[in-house]
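S.K.: One file is attached below, my_file-v2.txt, containing compact mmCIF, C-alpha atoms.
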# COMPACT_ATOMS: atom_id res chain seq x y z
CA MET C 472 -11.49 -12.29 2.12
CA VAL C 473 -11.83 -8.60 2.97
CA THR C 474 -14.23 -7.19 5.54
CA VAL C 475 -15.69 -3.83 4.51
CA SER C 476 -17.25 -1.64 7.21
CA LEU C 477 -19.10 1.57 6.35
CA THR C 478 -19.81 4.24 8.99
CA GLY C 479 -21.46 7.65 9.06
CA VAL C 480 -23.38 6.96 5.89
CA SER C 481 -26.99 6.73 4.78
CA LYS C 482 -28.44 3.31 4.06
CA GLU C 483 -28.79 4.40 0.42
CA ASP C 484 -25.07 5.17 0.12
CA ALA C 485 -24.22 1.94 1.95
CA ALA C 486 -26.37 0.03 -0.54
CA THR C 487 -24.64 1.85 -3.43
CA VAL C 488 -21.12 0.98 -2.22
CA PHE C 489 -22.03 -2.63 -1.46
CA GLY C 490 -23.80 -2.87 -4.83
CA VAL C 491 -20.63 -1.78 -6.67
CA LEU C 492 -18.53 -4.29 -4.71
CA ARG C 493 -21.13 -7.06 -5.18
CA THR C 494 -20.97 -6.49 -8.94
CA ALA C 495 -17.16 -6.78 -8.89
CA PHE C 496 -16.64 -9.64 -6.39
CA PRO C 497 -18.35 -12.54 -4.61
CA THR C 498 -19.77 -11.62 -1.19
CA ASP C 499 -21.39 -13.16 1.87
CA ARG C 500 -24.51 -11.01 1.34
CA PRO C 501 -27.50 -11.95 -0.84
CA ALA C 502 -27.92 -10.14 -4.16
CA ASP C 503 -31.13 -8.49 -2.97
CA GLY C 504 -29.68 -7.57 0.44
CA VAL C 505 -30.25 -3.97 1.47
CA PRO C 506 -28.72 -2.41 4.61
CA HIS C 507 -31.21 -1.99 7.44
CA GLU C 508 -30.93 0.61 10.17
CA GLN C 509 -31.06 -0.55 13.77
CA PRO C 510 -33.05 1.40 16.35
CA GLY C 511 -31.13 3.50 18.87
CA ASP C 512 -28.90 6.54 19.12
CA ARG C 513 -25.69 4.96 17.87
CA PRO C 514 -24.51 5.76 14.33
CA PRO C 515 -25.08 2.85 11.97
CA VAL C 516 -22.23 0.61 10.84
CA TRP C 517 -22.72 -1.72 7.89
CA SER C 518 -20.31 -4.50 7.07
CA ALA C 519 -19.93 -7.30 4.54
CA ASP C 520 -17.21 -9.72 3.47
CA PHE C 521 -15.96 -9.80 -0.12
CA ASP C 522 -13.64 -12.23 -1.91
CA PRO C 523 -11.55 -10.01 -4.21
CA THR C 524 -10.63 -12.45 -6.93
CA GLU C 525 -8.25 -11.57 -9.75
CA GLU C 526 -11.09 -11.59 -12.24
CA ARG C 527 -13.54 -8.84 -11.46
CA ILE C 528 -16.23 -7.02 -13.35
CA PRO C 529 -15.17 -3.36 -13.66
CA THR C 530 -17.69 -0.71 -12.74
CA GLY C 531 -17.95 2.90 -13.85
CA PRO C 532 -18.44 6.11 -11.89
CA THR C 533 -21.31 5.83 -9.42
CA PRO C 534 -22.90 8.79 -7.58
CA LEU C 535 -23.19 9.00 -3.80
CA GLU C 536 -25.45 11.32 -1.78
CA GLY C 537 -22.55 12.24 0.53
CA SER C 538 -19.11 11.04 1.53
CA VAL C 539 -18.66 7.52 2.90
CA SER C 540 -16.15 6.32 5.49
CA ALA C 541 -14.99 2.82 4.62
CA THR C 542 -12.63 0.50 6.47
CA LEU C 543 -11.11 -2.43 4.54
CA GLN C 544 -9.51 -5.22 6.53
CA GLY C 545 -7.85 -8.33 5.13
CA GLY C 546 -4.80 -9.68 3.34
CA TYR C 547 -2.52 -7.21 1.57
CA VAL C 548 -3.29 -8.26 -2.01
CA ALA C 549 -7.02 -8.67 -1.33
CA VAL C 550 -7.33 -5.20 0.24
CA ASP C 551 -5.42 -3.65 -2.69
CA ARG C 552 -7.76 -5.33 -5.21
CA LEU C 553 -10.85 -4.14 -3.38
CA ARG C 554 -9.50 -0.60 -3.15
CA GLU C 555 -8.75 -0.65 -6.89
CA ALA C 556 -12.34 -1.70 -7.58
CA LEU C 557 -13.65 1.14 -5.41
CA SER C 558 -11.46 3.67 -7.24
CA GLY C 559 -13.15 2.67 -10.51
CA SER C 560 -16.48 3.93 -9.19
CA PHE C 561 -15.65 6.56 -6.57
CA ALA C 562 -13.08 9.23 -5.72
CA VAL C 563 -11.01 7.46 -3.05
CA GLU C 564 -8.95 9.27 -0.42
CA GLU C 565 -6.81 7.30 2.03
CA GLN C 566 -7.36 8.40 5.63
CA GLY C 567 -4.96 5.98 7.35
CA THR C 568 -3.52 2.48 7.42
CA ALA C 569 -2.43 -0.12 9.95
CA SER C 570 -0.29 -3.08 8.92
CA GLY C 571 0.37 -6.45 10.49
CA ASP C 572 2.27 -9.55 9.46
CA GLN C 573 -0.42 -10.96 7.18
CA GLU C 574 -3.21 -8.38 7.14
CA LYS C 575 -3.72 -4.68 6.79
CA GLU C 576 -6.48 -2.23 7.54
CA VAL C 577 -7.11 0.82 5.38
CA ASP C 578 -9.45 3.69 6.20
CA LEU C 579 -10.87 5.42 3.13
CA ARG C 580 -13.16 8.33 2.33
CA LEU C 581 -15.32 7.69 -0.75
CA ARG C 582 -16.96 10.47 -2.73
CA THR C 583 -18.66 10.86 -6.09
CA LYS C 584 -16.10 11.26 -8.86
CA GLY C 585 -16.20 14.71 -10.30
Step by step, read the file and then write its structure as structure tokens.

M.R.:
Amino acid sequence: MVTVSLTGVSKEDAATVFGVLRTAFPTDRPADGVPHEQPGDRPPVWSADFDPTEERIPTGPTPLEGSVSATLQGGYVAVDRLREALSGSFAVEEQGTASGDQEKEVDLRLRTKG
């Protein structure tokens, strides 16, 4: 299981990224789930858990309104599979990583391929 957290992004872009991942892998979110903004001054953070199985449905390039900051956290193989799925739809730039014994965390910047 990989936890995906999106920050500094519109709810439309969050829905786009989660939609791509939902197409590729099972998730804890319902198929018709759309991110909702919470009231207040804090920037929104959206998160969902995905089960990056070996068999995934590939997706093609998908446009975003802006860039998206994404943090992936989970097992090494699972995070790599999820990142690979994201790179099928978006331009992916690695911003940083942190590794542990059994898990890793990867910070990514997603943009429209172009």

S.K.: Taking all atoms listed in the file into account, name the residue in C:Ala519, C:Ile528, C:Leu535, C:Leu543 that is nearest to Ser481 in chain C.

M.R.: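 Ranked by minimum distance to Ser481 in chain C, first place goes to C:Leu535.
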
S.K.: Ranking C:Gly546, C:Thr533, C:Thr498, C:Arg527 by minimum distance to Gly585 in chain C and counting all atoms listed in the file, which one comes first?

M.R.: C:Thr533

S.K.: Name the residues, using the chain letters and numbers of the file, that sit within 7 Å of (-6.6, 3.1, 8.3) when counting all atoms listed in the file, and give them as number ranges by chain.

M.R.: C: 542, 566-569, 576-578

S.K.: Neighbours of Leu492 in chain C within 9 Å (only C-alpha atoms; same-chain residues fewer than 6 positions away dropped), as a PyMOL selection string?

M.R.: chain C and resi 498+521+530+553+556-557

S.K.: Suppose you want the space between CA of Thr478 in chain C and CA of Arg500 in chain C; what is it in Å?

M.R.: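 Separating CA of Thr478 in chain C from CA of Arg500 in chain C is a distance of 17.7 Å.
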
S.K.: Just to confirm, what's the straight-line distance from CA of Phe561 in chain C to CA of Lys482 in chain C in Å (one decimal)?

M.R.: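 Pair CA of Phe561 in chain C / CA of Lys482 in chain C returns 16.9 Å.
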
S.K.: Between C:Glu574, C:Phe496, C:Asp512, C:Val491, which is the closest to Ser558 in chain C once you count all atoms listed in the file?

M.R.: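 Closest candidate: C:Val491.
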
S.K.: Excluding Pro534 in chain C and residues on its chain fewer than 6 positions from it, collect all residues at most 8 Å away from it, counting only C-alpha atoms, and give them as a PyMOL selection string.

M.R.: chain C and resi 561+582-584

S.K.: From (-20.9, 4.6, 13.8), in the file's coordinates, out to 10 Å: which residues are reached, counting all atoms listed in the file? Answer as a PDB file with C-alpha atoms, in the frame of the given file.

M.R.:
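What landed in point.pdb:
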ATOM      1  CA  SER C 476     -17.250  -1.640   7.210  1.00  0.00           C
ATOM      2  CA  LEU C 477     -19.100   1.570   6.350  1.00  0.00           C
ATOM      3  CA  THR C 478     -19.810   4.240   8.990  1.00  0.00           C
ATOM      4  CA  GLY C 479     -21.460   7.650   9.060  1.00  0.00           C
ATOM      5  CA  VAL C 480     -23.380   6.960   5.890  1.00  0.00           C
ATOM      6  CA  ASP C 512     -28.900   6.540  19.120  1.00  0.00           C
ATOM      7  CA  ARG C 513     -25.690   4.960  17.870  1.00  0.00           C
ATOM      8  CA  PRO C 514     -24.510   5.760  14.330  1.00  0.00           C
ATOM      9  CA  PRO C 515     -25.080   2.850  11.970  1.00  0.00           C
ATOM     10  CA  VAL C 516     -22.230   0.610  10.840  1.00  0.00           C
ATOM     11  CA  TRP C 517     -22.720  -1.720   7.890  1.00  0.00           C
ATOM     12  CA  SER C 540     -16.150   6.320   5.490  1.00  0.00           C
TER      13      SER C 540
END

S.K.: Which of these residues is nearest to Val488 in chain C, using only C-alpha atoms: C:Glu525, C:Ser560, C:Gly571, C:Asp551?

M.R.: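 Going through C:Glu525, C:Ser560, C:Gly571, C:Asp551 one by one, the smallest distance to Val488 in chain C is for C:Ser560.
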
S.K.: In Å, with one decimal, what is the gap from CA of Gln544 in chain C to CA of Asp522 in chain C?

M.R.: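 So the two atoms, CA of Gln544 in chain C and CA of Asp522 in chain C, lie 11.7 Å apart.
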
S.K.: Give the answer as one residue: which of C:Asp499, C:Gly537, C:Gln573, C:Glu555 has the shortest atom-to-atom distance to Ser518 in chain C, using only C-alpha atoms?

M.R.: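 Smallest distance to Ser518 in chain C is found for C:Asp499.
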